[in-house]
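Visitor: My structure is stored as run-v8.cif, with mmCIF, C-alpha atoms and all ligand atoms.
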data_my_file
loop_
_atom_site.label_atom_id
_atom_site.label_comp_id
_atom_site.auth_asym_id
_atom_site.auth_seq_id
_atom_site.Cartn_x
_atom_site.Cartn_y
_atom_site.Cartn_z
CA MET A 1085 -6.40 3.58 24.87
CA SER A 1086 -4.46 6.66 23.79
CA ASP A 1087 -3.08 6.65 20.26
CA GLU A 1088 0.32 7.74 21.63
CA ASN A 1089 0.68 4.13 22.79
CA LEU A 1090 0.84 3.08 19.15
CA ILE A 1091 4.36 4.48 18.69
CA THR A 1092 7.30 2.41 19.94
CA SER A 1093 10.38 3.82 21.64
CA ALA A 1094 12.65 2.61 18.79
CA GLN A 1095 14.95 5.35 17.53
CA ASN A 1096 13.45 6.85 14.37
CA THR A 1097 15.97 7.16 11.53
CA TRP A 1098 13.78 8.63 8.79
CA CYS A 1099 15.21 11.89 7.41
CA PRO A 1100 13.62 15.16 8.57
CA GLY A 1101 10.78 16.06 6.18
CA CYS A 1102 10.23 12.45 5.02
CA GLY A 1103 6.65 11.66 4.01
CA ASN A 1104 6.83 8.39 5.93
CA PHE A 1105 6.09 10.39 9.11
CA THR A 1106 2.71 11.45 7.71
CA ILE A 1107 1.84 7.88 6.78
CA GLN A 1108 2.80 6.63 10.23
CA HIS A 1109 0.70 9.33 11.92
CA SER A 1110 -2.21 8.63 9.64
CA LEU A 1111 -2.11 4.91 10.41
CA LYS A 1112 -1.89 5.71 14.09
CA SER A 1113 -4.99 7.93 13.88
CA VAL A 1114 -6.92 5.40 11.83
CA ILE A 1115 -6.12 2.54 14.22
CA SER A 1116 -7.22 4.67 17.19
CA VAL A 1117 -10.46 5.62 15.47
CA LEU A 1118 -11.13 1.98 14.56
CA GLU A 1119 -10.46 1.03 18.17
CA SER A 1120 -12.98 3.61 19.39
CA GLU A 1121 -15.47 2.02 16.98
CA GLY A 1122 -14.92 -1.47 18.41
CA ILE A 1123 -12.10 -2.90 16.27
CA SER A 1124 -9.26 -3.66 18.67
CA ARG A 1125 -5.64 -3.12 17.64
CA GLU A 1126 -4.97 -6.77 18.55
CA ARG A 1127 -6.92 -7.71 15.42
CA CYS A 1128 -4.66 -5.58 13.20
CA VAL A 1129 -1.53 -6.92 11.50
CA LEU A 1130 0.95 -4.75 9.62
CA VAL A 1131 3.20 -6.40 7.02
CA THR A 1132 6.08 -4.45 5.51
CA GLY A 1133 8.57 -4.97 2.71
CA ILE A 1134 12.19 -3.79 2.82
CA GLY A 1135 13.19 -0.15 2.44
CA CYS A 1136 12.76 3.13 4.33
CA HIS A 1137 8.98 2.59 4.35
CA ALA A 1138 9.44 -0.78 6.08
CA LYS A 1139 10.90 0.74 9.23
CA ILE A 1140 7.30 1.59 10.11
CA ALA A 1141 7.11 -1.98 11.48
CA ASP A 1142 9.70 -0.99 14.10
CA TYR A 1143 7.93 2.24 14.92
CA MET A 1144 4.31 1.05 15.31
CA LYS A 1145 3.27 -0.83 18.42
CA ILE A 1146 0.94 -3.31 16.74
CA ASN A 1147 1.29 -6.88 15.46
CA SER A 1148 3.71 -6.70 12.57
CA PHE A 1149 5.80 -8.80 10.22
CA TYR A 1150 8.91 -7.33 8.60
CA SER A 1151 9.01 -9.42 5.44
CA LEU A 1152 11.40 -9.74 2.47
CA HIS A 1153 11.84 -7.22 -0.32
CA GLY A 1154 8.73 -7.36 -2.51
CA ARG A 1155 7.05 -10.04 -0.42
CA THR A 1156 4.49 -8.21 1.69
CA ILE A 1157 1.57 -9.69 -0.21
CA PRO A 1158 2.35 -13.42 0.07
CA VAL A 1159 2.92 -12.97 3.81
CA ALA A 1160 -0.28 -10.95 4.22
CA THR A 1161 -2.18 -13.52 2.15
CA GLY A 1162 -0.98 -16.37 4.39
CA ILE A 1163 -1.96 -14.46 7.54
CA LYS A 1164 -5.42 -13.64 6.19
CA LEU A 1165 -6.09 -17.20 5.02
CA ALA A 1166 -4.97 -18.68 8.34
CA ASN A 1167 -7.11 -16.27 10.34
CA PRO A 1168 -9.70 -14.38 8.27
CA GLY A 1169 -10.82 -12.51 11.39
CA LEU A 1170 -7.65 -10.43 11.32
CA ILE A 1171 -7.39 -7.03 9.63
CA VAL A 1172 -4.26 -7.25 7.52
CA PHE A 1173 -2.58 -4.33 5.82
CA CYS A 1174 0.74 -3.95 4.03
CA CYS A 1175 3.08 -0.98 3.90
CA ALA A 1176 5.17 -1.52 0.79
CA GLY A 1177 7.61 0.58 -1.21
CA ASP A 1178 7.30 1.49 -4.88
CA GLY A 1179 10.52 -0.37 -5.68
CA ASP A 1180 9.50 -3.11 -3.31
CA LEU A 1181 6.05 -3.72 -4.77
CA TYR A 1182 6.10 -2.39 -8.33
CA ALA A 1183 9.45 -4.02 -9.19
CA GLU A 1184 10.42 -6.97 -6.97
CA GLY A 1185 6.86 -7.83 -5.90
CA LEU A 1186 4.79 -6.90 -8.92
CA GLU A 1187 3.38 -10.32 -9.72
CA HIS A 1188 2.13 -10.73 -6.15
CA LEU A 1189 0.31 -7.41 -6.40
CA ILE A 1190 -1.44 -8.35 -9.62
CA PHE A 1191 -2.57 -11.75 -8.38
CA ALA A 1192 -3.79 -10.47 -5.01
CA ALA A 1193 -5.93 -7.92 -6.85
CA LYS A 1194 -7.21 -10.62 -9.21
CA ARG A 1195 -8.18 -12.86 -6.27
CA ASN A 1196 -9.73 -10.02 -4.32
CA ILE A 1197 -8.31 -11.21 -1.02
CA ASP A 1198 -9.44 -8.95 1.82
CA ILE A 1199 -6.18 -7.18 2.63
CA SER A 1200 -5.14 -3.54 2.16
CA VAL A 1201 -1.98 -2.44 0.43
CA PHE A 1202 -0.51 1.01 1.08
CA VAL A 1203 2.32 1.87 -1.27
CA HIS A 1204 4.79 4.49 0.01
CA ASP A 1205 5.35 5.66 -3.55
CA ASN A 1206 8.29 8.09 -3.36
CA ARG A 1207 9.21 7.16 -6.94
CA VAL A 1208 12.74 6.20 -5.89
CA TYR A 1209 14.66 3.46 -4.10
CA GLY A 1210 15.16 5.50 -0.93
CA LEU A 1211 17.04 3.18 1.41
CA THR A 1212 19.64 2.31 -1.21
CA THR A 1213 20.17 6.04 -1.91
CA GLY A 1214 18.33 6.97 -5.05
CA GLN A 1215 18.03 4.45 -7.87
CA TYR A 1216 15.03 4.64 -10.23
CA THR A 1217 11.88 2.58 -9.71
CA PRO A 1218 8.95 1.70 -12.02
CA THR A 1219 7.22 4.98 -11.08
CA SER A 1220 10.22 7.29 -11.55
CA PRO A 1221 9.50 9.71 -14.40
CA LEU A 1222 11.17 9.69 -17.79
CA GLY A 1223 14.57 11.37 -17.50
CA PHE A 1224 14.91 10.78 -13.74
CA LYS A 1225 18.57 11.18 -12.75
CA GLY A 1226 19.65 8.93 -9.89
CA ARG A 1227 22.53 6.75 -8.78
CA SER A 1228 21.86 4.10 -11.43
CA THR A 1229 20.79 6.53 -14.17
CA PRO A 1230 23.16 9.52 -14.13
CA HIS A 1231 22.07 10.48 -17.67
CA GLY A 1232 18.36 10.09 -16.90
CA THR A 1233 16.00 7.14 -17.36
CA LYS A 1234 14.99 6.30 -20.90
CA GLU A 1235 11.58 4.84 -20.05
CA LEU A 1236 8.19 6.14 -19.01
CA PRO A 1237 6.84 5.11 -15.60
CA PHE A 1238 3.88 2.79 -15.44
CA ASN A 1239 0.54 3.78 -14.03
CA PRO A 1240 -0.22 1.70 -10.91
CA VAL A 1241 -3.81 2.91 -10.64
CA GLU A 1242 -4.63 1.81 -14.16
CA LEU A 1243 -2.81 -1.47 -13.58
CA MET A 1244 -4.88 -2.20 -10.47
CA LEU A 1245 -8.13 -1.48 -12.28
CA CYS A 1246 -7.19 -3.97 -14.99
CA ALA A 1247 -6.05 -6.56 -12.44
CA GLY A 1248 -9.39 -6.51 -10.58
CA ALA A 1249 -8.72 -4.61 -7.33
CA SER A 1250 -12.05 -3.72 -5.75
CA PHE A 1251 -10.91 -0.55 -3.94
CA ILE A 1252 -8.48 1.84 -5.61
CA ALA A 1253 -7.30 5.23 -4.36
CA ARG A 1254 -4.44 7.68 -4.46
CA THR A 1255 -3.42 10.10 -1.74
CA TYR A 1256 -0.55 12.46 -0.94
CA THR A 1257 1.61 12.87 2.16
CA LYS A 1258 0.96 16.63 2.24
CA HIS A 1259 -2.79 15.95 2.67
CA PRO A 1260 -3.02 14.22 6.07
CA PRO A 1261 -6.80 14.63 6.68
CA ASP A 1262 -7.59 13.09 3.28
CA MET A 1263 -5.14 10.32 3.93
CA ASN A 1264 -6.88 9.43 7.21
CA ILE A 1265 -10.22 9.11 5.43
CA ILE A 1266 -8.81 7.05 2.56
CA LEU A 1267 -6.74 4.64 4.68
CA LYS A 1268 -9.69 4.02 6.99
CA GLU A 1269 -12.04 3.34 4.06
CA ALA A 1270 -9.46 1.04 2.51
CA ILE A 1271 -9.11 -0.98 5.71
CA LEU A 1272 -12.88 -1.26 6.15
CA HIS A 1273 -13.50 -2.26 2.52
CA LYS A 1274 -14.18 -5.99 2.18
CA GLY A 1275 -11.86 -7.07 -0.58
CA PHE A 1276 -8.50 -6.08 -2.02
CA SER A 1277 -7.79 -2.41 -1.32
CA PHE A 1278 -4.99 -0.55 -3.02
CA VAL A 1279 -3.79 2.94 -2.11
CA ASP A 1280 -0.94 4.58 -4.00
CA ILE A 1281 0.46 7.14 -1.57
CA LEU A 1282 2.52 9.86 -3.24
CA GLN A 1283 5.21 10.16 -0.60
CA ILE A 1284 7.86 12.85 -0.39
CA CYS A 1285 11.43 11.55 -0.17
CA ALA A 1286 13.16 14.58 1.30
CA SER A 1287 16.67 13.31 0.55
CA TYR A 1288 16.60 11.70 -2.90
CA TYR A 1289 13.47 12.94 -4.65
CA ASN A 1290 11.68 15.88 -3.14
CA LEU A 1291 8.66 16.46 -5.38
CA THR A 1292 6.80 18.82 -3.03
CA ASP A 1293 6.67 21.80 -5.42
CA PHE A 1294 5.90 19.59 -8.41
CA TYR A 1295 2.98 17.89 -6.63
CA ASN A 1296 1.65 21.04 -4.99
CA LYS A 1297 1.18 22.58 -8.44
CA ARG A 1298 -0.51 19.55 -9.98
CA ILE A 1299 -2.48 17.58 -7.40
CA TYR A 1300 -6.24 18.05 -7.19
CA ARG A 1301 -8.97 16.23 -5.28
CA LYS A 1302 -11.19 14.10 -7.50
CA GLU A 1303 -14.70 13.35 -6.27
CA SER A 1304 -16.88 10.68 -7.79
CA ASN A 1305 -20.51 9.93 -7.02
CA ASP A 1306 -20.39 6.68 -8.97
CA LEU A 1307 -17.46 4.74 -7.55
CA GLU A 1308 -18.66 1.44 -9.07
CA ASN A 1309 -18.29 2.85 -12.57
CA PHE A 1310 -15.27 1.05 -14.03
CA GLU A 1311 -15.14 3.10 -17.25
CA SER A 1312 -15.17 6.38 -15.42
CA ALA A 1313 -12.43 5.11 -13.04
CA CYS A 1314 -10.36 4.17 -16.11
CA ILE A 1315 -10.74 7.73 -17.45
CA THR A 1316 -9.71 9.15 -14.05
CA SER A 1317 -6.70 6.84 -13.92
CA ARG A 1318 -5.49 8.38 -17.18
CA GLU A 1319 -5.88 11.99 -16.11
CA TRP A 1320 -2.27 11.87 -14.96
CA ASP A 1321 -0.50 11.79 -18.30
CA TYR A 1322 3.08 10.69 -17.60
CA GLU A 1323 4.35 12.11 -20.88
CA THR A 1324 3.16 15.65 -20.20
CA GLU A 1325 3.17 15.32 -16.37
CA SER A 1326 -0.17 17.09 -16.29
CA GLY A 1327 -2.61 17.32 -13.36
CA ILE A 1328 -2.66 14.53 -10.79
CA PRO A 1329 -6.01 13.46 -9.31
CA VAL A 1330 -6.16 12.09 -5.75
CA GLY A 1331 -9.07 10.49 -3.94
CA ILE A 1332 -11.01 7.26 -4.07
CA PHE A 1333 -11.36 6.26 -7.73
CA TYR A 1334 -13.10 2.89 -7.60
CA LYS A 1335 -14.96 0.78 -5.08
CA LYS A 1336 -17.05 -2.26 -5.77
CA ALA A 1337 -18.32 -5.26 -3.79
CA ARG A 1338 -16.91 -8.56 -5.07
CA PRO A 1339 -16.62 -12.01 -3.44
CA CYS A 1340 -13.45 -12.30 -1.33
CA PHE A 1341 -10.90 -15.03 -1.91
CA GLU A 1342 -10.55 -16.08 1.73
CA ASN A 1343 -14.25 -17.01 1.86
CA SER A 1344 -14.06 -19.45 -1.00
CA PHE A 1345 -10.50 -20.69 -0.46
CA MET A 1346 -10.45 -24.47 0.04
CA GLN A 1347 -14.26 -24.56 -0.04
CA LYS A 1348 -15.34 -27.21 -2.51
CA LYS A 1349 -18.98 -26.28 -2.14
CA PRO A 1350 -20.98 -23.63 -0.32
CA GLY A 1351 -21.48 -24.56 3.33
CA ASP A 1352 -18.09 -26.30 3.64
CA LYS A 1353 -16.19 -25.96 6.93
CA PRO A 1354 -14.59 -22.56 7.62
CA VAL A 1355 -11.07 -22.23 6.29
CA GLN A 1356 -9.43 -22.06 9.75
CA GLU A 1357 -10.74 -25.54 10.61
CA LYS A 1358 -9.41 -26.90 7.34
CA ILE A 1359 -5.98 -25.39 7.93
CA LYS A 1360 -5.92 -26.80 11.48
CA ALA A 1361 -6.84 -30.25 10.17
CA PHE A 1362 -4.16 -29.98 7.47
CA LEU A 1363 -1.50 -28.99 10.02
CA GLN A 1364 -2.49 -31.97 12.21
CA THR A 1365 -1.71 -34.31 9.32
CA ARG A 1366 1.83 -32.84 9.11
CA LYS A 1367 2.72 -33.51 12.78
C1 LIG B 1401 15.82 -9.26 -2.93
C2 LIG B 1401 16.46 -7.96 -2.56
N1 LIG B 1401 16.92 -7.16 -3.54
C3 LIG B 1401 17.47 -5.97 -3.23
C4 LIG B 1401 17.61 -5.58 -1.93
C5 LIG B 1401 18.28 -4.27 -1.60
N2 LIG B 1401 17.32 -3.26 -1.26
C6 LIG B 1401 17.00 -3.00 0.03
S1 LIG B 1401 15.97 -1.71 0.20
C7 LIG B 1401 15.93 -1.47 -1.47
C8 LIG B 1401 15.17 -0.33 -2.08
C9 LIG B 1401 13.85 -0.09 -1.47
O1 LIG B 1401 13.17 0.88 -2.25
P1 LIG B 1401 11.64 1.04 -2.09
O2 LIG B 1401 10.96 -0.27 -2.09
O3 LIG B 1401 11.14 2.02 -3.09
O4 LIG B 1401 11.50 1.59 -0.60
P2 LIG B 1401 11.95 3.00 0.01
O5 LIG B 1401 13.32 2.79 0.58
O6 LIG B 1401 11.93 4.01 -1.08
O7 LIG B 1401 10.93 3.25 1.06
C10 LIG B 1401 16.71 -2.41 -2.14
C11 LIG B 1401 16.90 -2.47 -3.59
C12 LIG B 1401 17.12 -6.45 -0.93
N3 LIG B 1401 17.15 -6.11 0.37
N4 LIG B 1401 16.54 -7.63 -1.26
S1 LIG B 1402 15.83 8.49 2.14
FE1 LIG B 1402 13.87 9.43 1.54
S2 LIG B 1402 12.31 7.87 2.00
FE2 LIG B 1402 14.20 7.31 3.10
S3 LIG B 1402 13.95 8.19 5.15
FE3 LIG B 1402 15.09 9.66 3.91
S4 LIG B 1402 13.53 11.05 3.07
FE4 LIG B 1402 12.48 9.20 3.79
MG MG B 1403 10.63 4.00 -2.80
#
Would you write out, as structure tokens, the structure that this file holds?
Ligand SMILES: Cc1ncc(C[n+]2csc(CCOP(=O)(O)OP(=O)(O)O)c2C)c(N)n1
Ligand code: SF4
Ligand SMILES: [Mg+2]

Guide:
Amino acid sequence: MSDENLITSAQNTWCPGCGNFTIQHSLKSVISVLESEGISRERCVLVTGIGCHAKIADYMKINSFYSLHGRTIPVATGIKLANPGLIVFCCAGDGDLYAEGLEHLIFAAKRNIDISVFVHDNRVYGLTTGQYTPTSPLGFKGRSTPHGTKELPFNPVELMLCAGASFIARTYTKHPPDMNIILKEAILHKGFSFVDILQICASYYNLTDFYNKRIYRKESNDLENFESACITSREWDYETESGIPVGIFYKKARPCFENSFMQKKPGDKPVQEKIKAFLQTRK
């Protein structure tokens, strides 16, 4: 099936030049490639938060769930546990996930549930017209901070390493071919995949020149090496705003939560049967 069929006819209201377009096109390409490799789009489920990023649920013709602000991960977790055969990925915002939904992010990484999380990290609350988020830089001037923020951003890549995510990457909306590779690898990885996508917000925080001067591709031939991933995660020094590495930083096989969930001992019934039996008792 042609990948053009993955875009709905809903009127698109993203601003011209918004990085969300690149993410949408990348997801479209990845889903088409997966389909040509035997993974049908009917098995895919997209869960979004609330914000500009979340409109992607309206614009993609696949199974989707438009959730609450900061709540992509609990919804995605429920979907995956109820039907582990599905391929579940979240499109979340930086405000959405790093502020409102932060605890869900940390615990999903800790559990290593097999879902993928793509953060449209424009470093601003876009839909609500420009307030600062946990990844806005020190001194960021927006609607809620006219004199500039007084706090450093946190480092989501480092946070995810510490929380136990088994696939960690960063990409940039001006690098579409790299994004296709990274999103596909994230979806195919068995376990919790996290991709921080540096996304241009054309209207409230256009960092194109800033990123173009600083971003470089980081290659690693030892992706299981936690210490080296930690060093990479710190190459972006938020105090000096130095160089910014992008690429896959960490990838390691770990047992997935959905396989052991509700299993008292190895060989127990599959989780779907247990959920069905539980739901029967509630009728
Ligand atoms: C619980 C809750 N708090 C606040 C809001 C208001 N709100 C809607 S979108 C948004 C900002 C979204 O920013 P972000 O997650 O970074 O997404 P972006 O718009 O930048 O893609 C906020 C604060 C809400 N809808 N629900
Ligand atoms: S406000 Fe920013 S993030 Fe939202 S649609 Fe416009 S450019 Fe994109
Ligand atoms: Mg944002």

Visitor: Extract, using all atoms listed in the file, all DNA, RNA and protein residues at most 10 Å from stretch 1159-1173 of chain A, discarding same-chain residues fewer than 6 positions from it, and format them as a ChimeraX atom specification.

Guide: /A:1123-1133,1147-1152,1188,1192,1197-1202,1267,1270-1272,1276-1278,1341-1343,1345-1346,1354-1360

Visitor: When the cut-off is 6 Å and you count all atoms listed in the file, which residues lie near ligand LIG 1401 (chain B), shown as JSON, numbers by chain?

Guide: {"A": [1134, 1135, 1136, 1137, 1153, 1177, 1178, 1179, 1180, 1206, 1208, 1209, 1210, 1211, 1212]}

Visitor: Interatomic distance between atom CA of A:Trp1320 and atom CA of A:His1259?

Guide: 18.1 Å

Visitor: Between A:Ile1146, A:Val1279, A:Ile1265, A:Leu1243, which one has atoms that come closest to A:Cys1175, using all atoms listed in the file?

Guide: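 Checking each candidate against A:Cys1175, we get A:Val1279 as the closest.
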
Visitor: Just checking: using all atoms listed in the file, which residue out of A:Tyr1143, A:Tyr1322, A:Phe1191, A:Tyr1288 ends up closest to ligand LIG 1402 (chain B)?

Guide: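 Among A:Tyr1143, A:Tyr1322, A:Phe1191, A:Tyr1288, it is A:Tyr1288 that comes nearest to ligand LIG 1402 (chain B).
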
Visitor: May I ask for the distance between atom CA of A:Leu1189 and atom CA of A:Thr1233, given in Å to one decimal place?

Guide: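 Distance between the two atoms: 24.0 Å.
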
Visitor: Report as a ChimeraX atom specification which protein, DNA and RNA residues come within 12 Å of ligand LIG 1402 (chain B), using all atoms listed in the file.

Guide: /A:1096-1108,1134-1140,1176-1179,1204-1215,1257,1282-1292

Visitor: Could you jot down the atom CA of A:Arg1301 to atom CA of A:Ser1116 separation for me, Å, one decimal place?

Guide: 25.3 Å

Visitor: Compare A:Asp1306, A:Asp1321, A:Asp1352, A:Glu1269 by their minimum atom-to-atom distance to A:Glu1242, counting only C-alpha atoms, and give me the closest one.

Guide: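 Checking each candidate against A:Glu1242, we get A:Asp1321 as the closest.
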
Visitor: Closest to A:Cys1246 among A:Ser1317, A:Gln1347, A:Thr1092, A:Ser1326, using only C-alpha atoms?

Guide: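 Result for the nearest residue to A:Cys1246: A:Ser1317.
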
Visitor: Using all atoms listed in the file, pick whichever of A:Asn1264, A:Glu1235, A:Asp1280, A:Gly1248 has the shortest atom-to-atom distance to ligand MG 1403 (chain B).

Guide: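 Of A:Asn1264, A:Glu1235, A:Asp1280, A:Gly1248, the one nearest ligand MG 1403 (chain B) is A:Asp1280, counting all atoms listed in the file.
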
Visitor: Given the choices A:Met1263, A:Leu1181, A:Leu1111, A:Ile1252, which gets closest to ligand MG 1403 (chain B) if the distance is worked out from all atoms listed in the file?

Guide: A:Leu1181

Visitor: Is it possible to get the residues within 6 Å of (-14.8, 0.4, -8.0) (coordinates as in the file, counting only C-alpha atoms) written as number ranges by chain?

Guide: A: 1250-1251, 1307-1308, 1334-1336

Visitor: Just want the 10 Å neighbourhood of A:Ser1093, counted on only C-alpha atoms, with same-chain residues fewer than 6 positions away dropped. Output as a list in words.

Guide: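 My reading of the contact set: Asp1142, Tyr1143, Met1144 and Lys1145 of chain A.
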